[in-house]
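K.L.:
Structure file query-v7.pdb (PDB, C-alpha atoms) right here:
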```pdb
ATOM      1  CA  MET A   1      51.135 -11.153  35.699
ATOM      2  CA  ALA A   2      50.565 -14.584  34.200
ATOM      3  CA  VAL A   3      47.807 -16.814  35.493
ATOM      4  CA  LYS A   4      49.108 -19.806  37.427
ATOM      5  CA  ILE A   5      47.316 -23.148  37.373
ATOM      6  CA  ASN A   6      48.547 -25.531  40.090
ATOM      7  CA  GLY A   7      51.617 -23.330  40.344
ATOM      8  CA  PHE A   8      52.345 -23.379  36.611
ATOM      9  CA  ILE A   9      51.870 -20.798  33.945
ATOM     10  CA  GLU A  10      48.748 -20.755  31.803
ATOM     11  CA  GLY A  11      49.468 -21.478  28.151
ATOM     12  CA  THR A  12      52.505 -23.683  28.752
ATOM     13  CA  GLN A  13      52.689 -27.466  28.674
ATOM     14  CA  PRO A  14      52.819 -28.177  32.427
ATOM     15  CA  GLU A  15      53.043 -31.947  31.893
ATOM     16  CA  GLU A  16      56.167 -31.565  29.760
ATOM     17  CA  LEU A  17      57.708 -29.147  32.248
ATOM     18  CA  VAL A  18      56.849 -31.433  35.176
ATOM     19  CA  LYS A  19      58.469 -34.365  33.313
ATOM     20  CA  LEU A  20      61.626 -32.278  32.790
ATOM     21  CA  LEU A  21      61.716 -31.255  36.442
ATOM     22  CA  LEU A  22      61.085 -34.863  37.503
ATOM     23  CA  SER A  23      63.928 -36.050  35.268
ATOM     24  CA  LEU A  24      66.298 -33.425  36.665
ATOM     25  CA  ALA A  25      65.301 -34.239  40.247
ATOM     26  CA  SER A  26      65.747 -37.948  39.581
ATOM     27  CA  ASN A  27      69.224 -37.370  38.092
ATOM     28  CA  TRP A  28      70.168 -35.482  41.256
ATOM     29  CA  GLY A  29      68.685 -38.184  43.524
ATOM     30  CA  ASP A  30      65.959 -35.852  44.817
ATOM     31  CA  VAL A  31      62.558 -37.003  45.997
ATOM     32  CA  PHE A  32      60.179 -35.097  43.704
ATOM     33  CA  ASP A  33      56.594 -34.455  44.808
ATOM     34  CA  THR A  34      54.586 -32.081  42.585
ATOM     35  CA  ASN A  35      52.401 -31.209  45.581
ATOM     36  CA  LYS A  36      55.423 -29.703  47.323
ATOM     37  CA  LEU A  37      56.585 -27.449  44.487
ATOM     38  CA  LYS A  38      56.939 -23.787  45.401
ATOM     39  CA  VAL A  39      56.523 -21.458  42.428
ATOM     40  CA  VAL A  40      57.506 -17.785  42.781
ATOM     41  CA  HIS A  41      57.174 -15.256  39.955
ATOM     42  CA  LEU A  42      60.334 -13.156  39.610
ATOM     43  CA  SER A  43      60.013  -9.632  38.247
ATOM     44  CA  GLY A  44      62.436  -7.738  36.072
ATOM     45  CA  ALA A  45      62.551  -9.870  32.918
ATOM     46  CA  MET A  46      61.890  -7.755  29.837
ATOM     47  CA  THR A  47      60.566 -10.272  27.299
ATOM     48  CA  ASN A  48      60.177 -13.473  29.340
ATOM     49  CA  VAL A  49      58.214 -14.629  32.349
ATOM     50  CA  VAL A  50      60.589 -16.041  34.952
ATOM     51  CA  TYR A  51      59.818 -18.294  37.908
ATOM     52  CA  ARG A  52      61.848 -19.678  40.772
ATOM     53  CA  ILE A  53      60.735 -23.260  41.414
ATOM     54  CA  THR A  54      61.784 -25.029  44.588
ATOM     55  CA  TRP A  55      61.167 -28.531  45.938
ATOM     56  CA  PRO A  56      62.467 -30.572  48.878
ATOM     57  CA  LYS A  57      65.488 -32.714  48.014
ATOM     58  CA  ASN A  58      64.446 -35.424  50.458
ATOM     59  CA  THR A  59      61.494 -36.616  52.519
ATOM     60  CA  THR A  60      62.563 -34.698  55.624
ATOM     61  CA  GLY A  61      62.202 -31.445  53.669
ATOM     62  CA  ASN A  62      65.139 -29.818  55.438
ATOM     63  CA  ASP A  63      67.100 -29.237  52.217
ATOM     64  CA  GLU A  64      65.709 -27.717  49.019
ATOM     65  CA  ARG A  65      66.589 -27.636  45.316
ATOM     66  CA  THR A  66      65.872 -24.462  43.344
ATOM     67  CA  VAL A  67      65.825 -23.880  39.588
ATOM     68  CA  LEU A  68      64.852 -20.971  37.399
ATOM     69  CA  VAL A  69      62.192 -21.560  34.738
ATOM     70  CA  ARG A  70      62.160 -19.071  31.881
ATOM     71  CA  ILE A  71      58.992 -18.921  29.750
ATOM     72  CA  TYR A  72      59.641 -17.128  26.480
ATOM     73  CA  GLY A  73      57.481 -14.051  25.953
ATOM     74  CA  GLU A  74      54.764 -14.328  23.345
ATOM     75  CA  GLY A  75      56.053 -13.019  20.022
ATOM     76  CA  SER A  76      59.558 -12.400  21.375
ATOM     77  CA  ASP A  77      60.971 -14.912  18.873
ATOM     78  CA  VAL A  78      60.456 -12.183  16.265
ATOM     79  CA  PHE A  79      63.293 -10.281  17.970
ATOM     80  CA  PHE A  80      65.495 -13.218  18.994
ATOM     81  CA  ASP A  81      66.811 -16.267  17.187
ATOM     82  CA  ARG A  82      66.159 -18.863  19.929
ATOM     83  CA  GLU A  83      68.605 -21.393  18.481
ATOM     84  CA  GLU A  84      71.386 -18.787  18.457
ATOM     85  CA  GLU A  85      70.391 -17.621  21.943
ATOM     86  CA  ILE A  86      70.631 -21.201  23.273
ATOM     87  CA  ARG A  87      74.006 -21.774  21.562
ATOM     88  CA  THR A  88      75.329 -18.552  23.111
ATOM     89  CA  PHE A  89      73.831 -19.403  26.509
ATOM     90  CA  GLU A  90      75.373 -22.893  26.413
ATOM     91  CA  SER A  91      78.784 -21.479  25.428
ATOM     92  CA  ILE A  92      78.759 -18.932  28.242
ATOM     93  CA  SER A  93      77.501 -21.599  30.649
ATOM     94  CA  THR A  94      80.192 -24.099  29.585
ATOM     95  CA  HIS A  95      82.851 -21.537  30.437
ATOM     96  CA  GLU A  96      81.199 -20.964  33.837
ATOM     97  CA  TYR A  97      80.274 -17.341  33.165
ATOM     98  CA  GLY A  98      76.639 -17.761  34.090
ATOM     99  CA  PRO A  99      73.970 -20.232  35.123
ATOM    100  CA  ARG A 100      73.942 -23.726  33.623
ATOM    101  CA  LEU A 101      71.298 -24.667  31.088
ATOM    102  CA  LEU A 102      69.575 -27.661  32.697
ATOM    103  CA  ALA A 103      66.776 -28.425  30.220
ATOM    104  CA  GLN A 104      64.687 -27.020  27.387
ATOM    105  CA  PHE A 105      61.028 -27.286  26.419
ATOM    106  CA  PRO A 106      59.136 -25.651  23.531
ATOM    107  CA  GLU A 107      58.021 -22.597  25.530
ATOM    108  CA  GLY A 108      61.237 -22.000  27.444
ATOM    109  CA  ARG A 109      64.079 -23.473  29.423
ATOM    110  CA  VAL A 110      65.190 -24.517  32.904
ATOM    111  CA  GLU A 111      68.341 -22.902  34.247
ATOM    112  CA  GLU A 112      70.497 -23.198  37.322
ATOM    113  CA  PHE A 113      69.247 -20.746  39.942
ATOM    114  CA  ILE A 114      71.991 -18.513  41.282
ATOM    115  CA  HIS A 115      71.301 -16.971  44.676
ATOM    116  CA  ALA A 116      72.438 -13.386  44.311
ATOM    117  CA  LYS A 117      71.615  -9.884  45.343
ATOM    118  CA  VAL A 118      71.650  -6.893  43.013
ATOM    119  CA  GLN A 119      73.416  -3.837  44.328
ATOM    120  CA  MET A 120      73.130  -0.519  42.597
ATOM    121  CA  ASN A 121      75.498   2.291  43.394
ATOM    122  CA  PHE A 122      74.971   5.486  41.467
ATOM    123  CA  THR A 123      77.623   7.620  43.156
TER
END
```
Please, can you express the file's structure as structure tokens?

P.N.:
Amino acid sequence: MAVKINGFIEGTQPEELVKLLLSLASNWGDVFDTNKLKVVHLSGAMTNVVYRITWPKNTTGNDERTVLVRIYGEGSDVFFDREEEIRTFESISTHEYGPRLLAQFPEGRVEEFIHAKVQMNFT
């Protein structure tokens, strides 16, 4: 598991990510307070580290905004062409077949978080 510093992942550029999140929140009219960020590591990603980041949309805190932050795995760019991956992701997203790409930064991207449950049926 990655080491978190103030809720962010060691080795990334937290300031750049915070600026992206602040910009997104501002575009949505959210009140963004870095002290109120909730960062949850999500398991299951094969080559990336994935986090669910949530913050209150307003000062009352009764409504929250959630995004998914994907940190590219170290050395995984050897296996994947990131530019092609982003083009494909954007195309799929544009046609509403997956989460929207909200922002990019050198170590990863911010995606729409889709609340879903995985069901496995092996019968």

K.L.:
A:Asn35, A:Leu24, A:Arg65, A:Glu84: which is nearest Leu102 of chain A, counting all atoms listed in the file?

P.N.:
A:Leu24

K.L.:
Tell me, in Å to one decimal, how far atom CA of Glu15 of chain A is from atom CA of Asp81 of chain A.

P.N.:
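If I compute the distance from atom CA of Glu15 of chain A to atom CA of Asp81 of chain A, I get 25.5 Å.
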
K.L.:
Just checking: using only C-alpha atoms, which residue out of A:His41, A:Val78, A:Arg70, A:Thr47 ends up closest to Pro106 of chain A?

P.N.:
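Counting only C-alpha atoms, the residue closest to Pro106 of chain A is A:Arg70.
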
K.L.:
I'd like the residues picked by the PyMOL selection byres ((chain A and resi 72) around 6) written out as a PDB file with C-alpha atoms, in the frame of the given file, using the chain letters and numbers from the file.

P.N.:
```
ATOM      1  CA  ASN A  48      60.177 -13.473  29.340  1.00  0.00           C
ATOM      2  CA  ILE A  71      58.992 -18.921  29.750  1.00  0.00           C
ATOM      3  CA  GLY A  73      57.481 -14.051  25.953  1.00  0.00           C
ATOM      4  CA  GLU A 107      58.021 -22.597  25.530  1.00  0.00           C
ATOM      5  CA  GLY A 108      61.237 -22.000  27.444  1.00  0.00           C
TER       6      GLY A 108
END
```

K.L.:
Quick check, in Å to one decimal: how far apart do atom CA of Ile114 of chain A and atom CA of Pro56 of chain A lie?

P.N.:
17.1 Å

K.L.:
Name every residue that the PyMOL selection byres ((chain A and resi 52) around 9) selects in this structure, writing the answer as a ChimeraX atom specification with chains first and numbers rising.

P.N.:
/A:38-42,50-51,53-54,66-70,113

K.L.:
Write a file of the just-selected residues containing C-alpha atoms, as an mmCIF file, in the coordinates of the input.

P.N.:
```cif
data_model
loop_
_atom_site.group_PDB
_atom_site.id
_atom_site.type_symbol
_atom_site.label_atom_id
_atom_site.label_comp_id
_atom_site.auth_asym_id
_atom_site.auth_seq_id
_atom_site.Cartn_x
_atom_site.Cartn_y
_atom_site.Cartn_z
ATOM 1 C CA LYS A 38 56.939 -23.787 45.401
ATOM 2 C CA VAL A 39 56.523 -21.458 42.428
ATOM 3 C CA VAL A 40 57.506 -17.785 42.781
ATOM 4 C CA HIS A 41 57.174 -15.256 39.955
ATOM 5 C CA LEU A 42 60.334 -13.156 39.610
ATOM 6 C CA VAL A 50 60.589 -16.041 34.952
ATOM 7 C CA TYR A 51 59.818 -18.294 37.908
ATOM 8 C CA ILE A 53 60.735 -23.260 41.414
ATOM 9 C CA THR A 54 61.784 -25.029 44.588
ATOM 10 C CA THR A 66 65.872 -24.462 43.344
ATOM 11 C CA VAL A 67 65.825 -23.880 39.588
ATOM 12 C CA LEU A 68 64.852 -20.971 37.399
ATOM 13 C CA VAL A 69 62.192 -21.560 34.738
ATOM 14 C CA ARG A 70 62.160 -19.071 31.881
ATOM 15 C CA PHE A 113 69.247 -20.746 39.942
#
```

K.L.:
When you look at segment 27-31 of chain A with a cut-off of 8 Å (counting all atoms listed in the file), what residues show up, excluding the ones that are within fewer than 5 positions of it in the same chain? I need them as a list in words.

P.N.:
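Within the cut-off, the hits are Pro56, Lys57, Asn58 and Thr59 of chain A.
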
K.L.:
Skip Phe89 of chain A itself and residues of its chain fewer than 2 positions away, then list as a VMD selection string all residues within 9 Å of it, counting all atoms listed in the file.

P.N.:
chain A and resid 84 to 87 91 to 94 98 to 101

K.L.:
What is the atom CA of Glu83 of chain A-atom CA of Gln104 of chain A distance in Å, reported with one decimal?

P.N.:
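Atom CA of Gln104 of chain A lies 11.2 Å from atom CA of Glu83 of chain A.
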
K.L.:
Could you tell me which residues the PyMOL selection byres ((chain A and resi 16) around 12) grabs in this file, written as a list in words?

P.N.:
Phe8, Thr12, Gln13, Pro14, Glu15, Leu17, Val18, Lys19, Leu20, Leu21, Leu22, Ser23, Ala103, Gln104, Phe105, Pro106, Glu107, Gly108, Arg109 and Val110 of chain A

K.L.:
Could you give me the axis-aligned bounding box of segment 44-61 of chain A, with 6 Å of padding per side, as centre plus edge lengths in Å to one decimal, as lines of an AutoDock Vina configuration file?

P.N.:
```
center_x = 61.9
center_y = -22.2
center_z = 41.5
size_x = 19.3
size_y = 40.9
size_z = 40.3
```
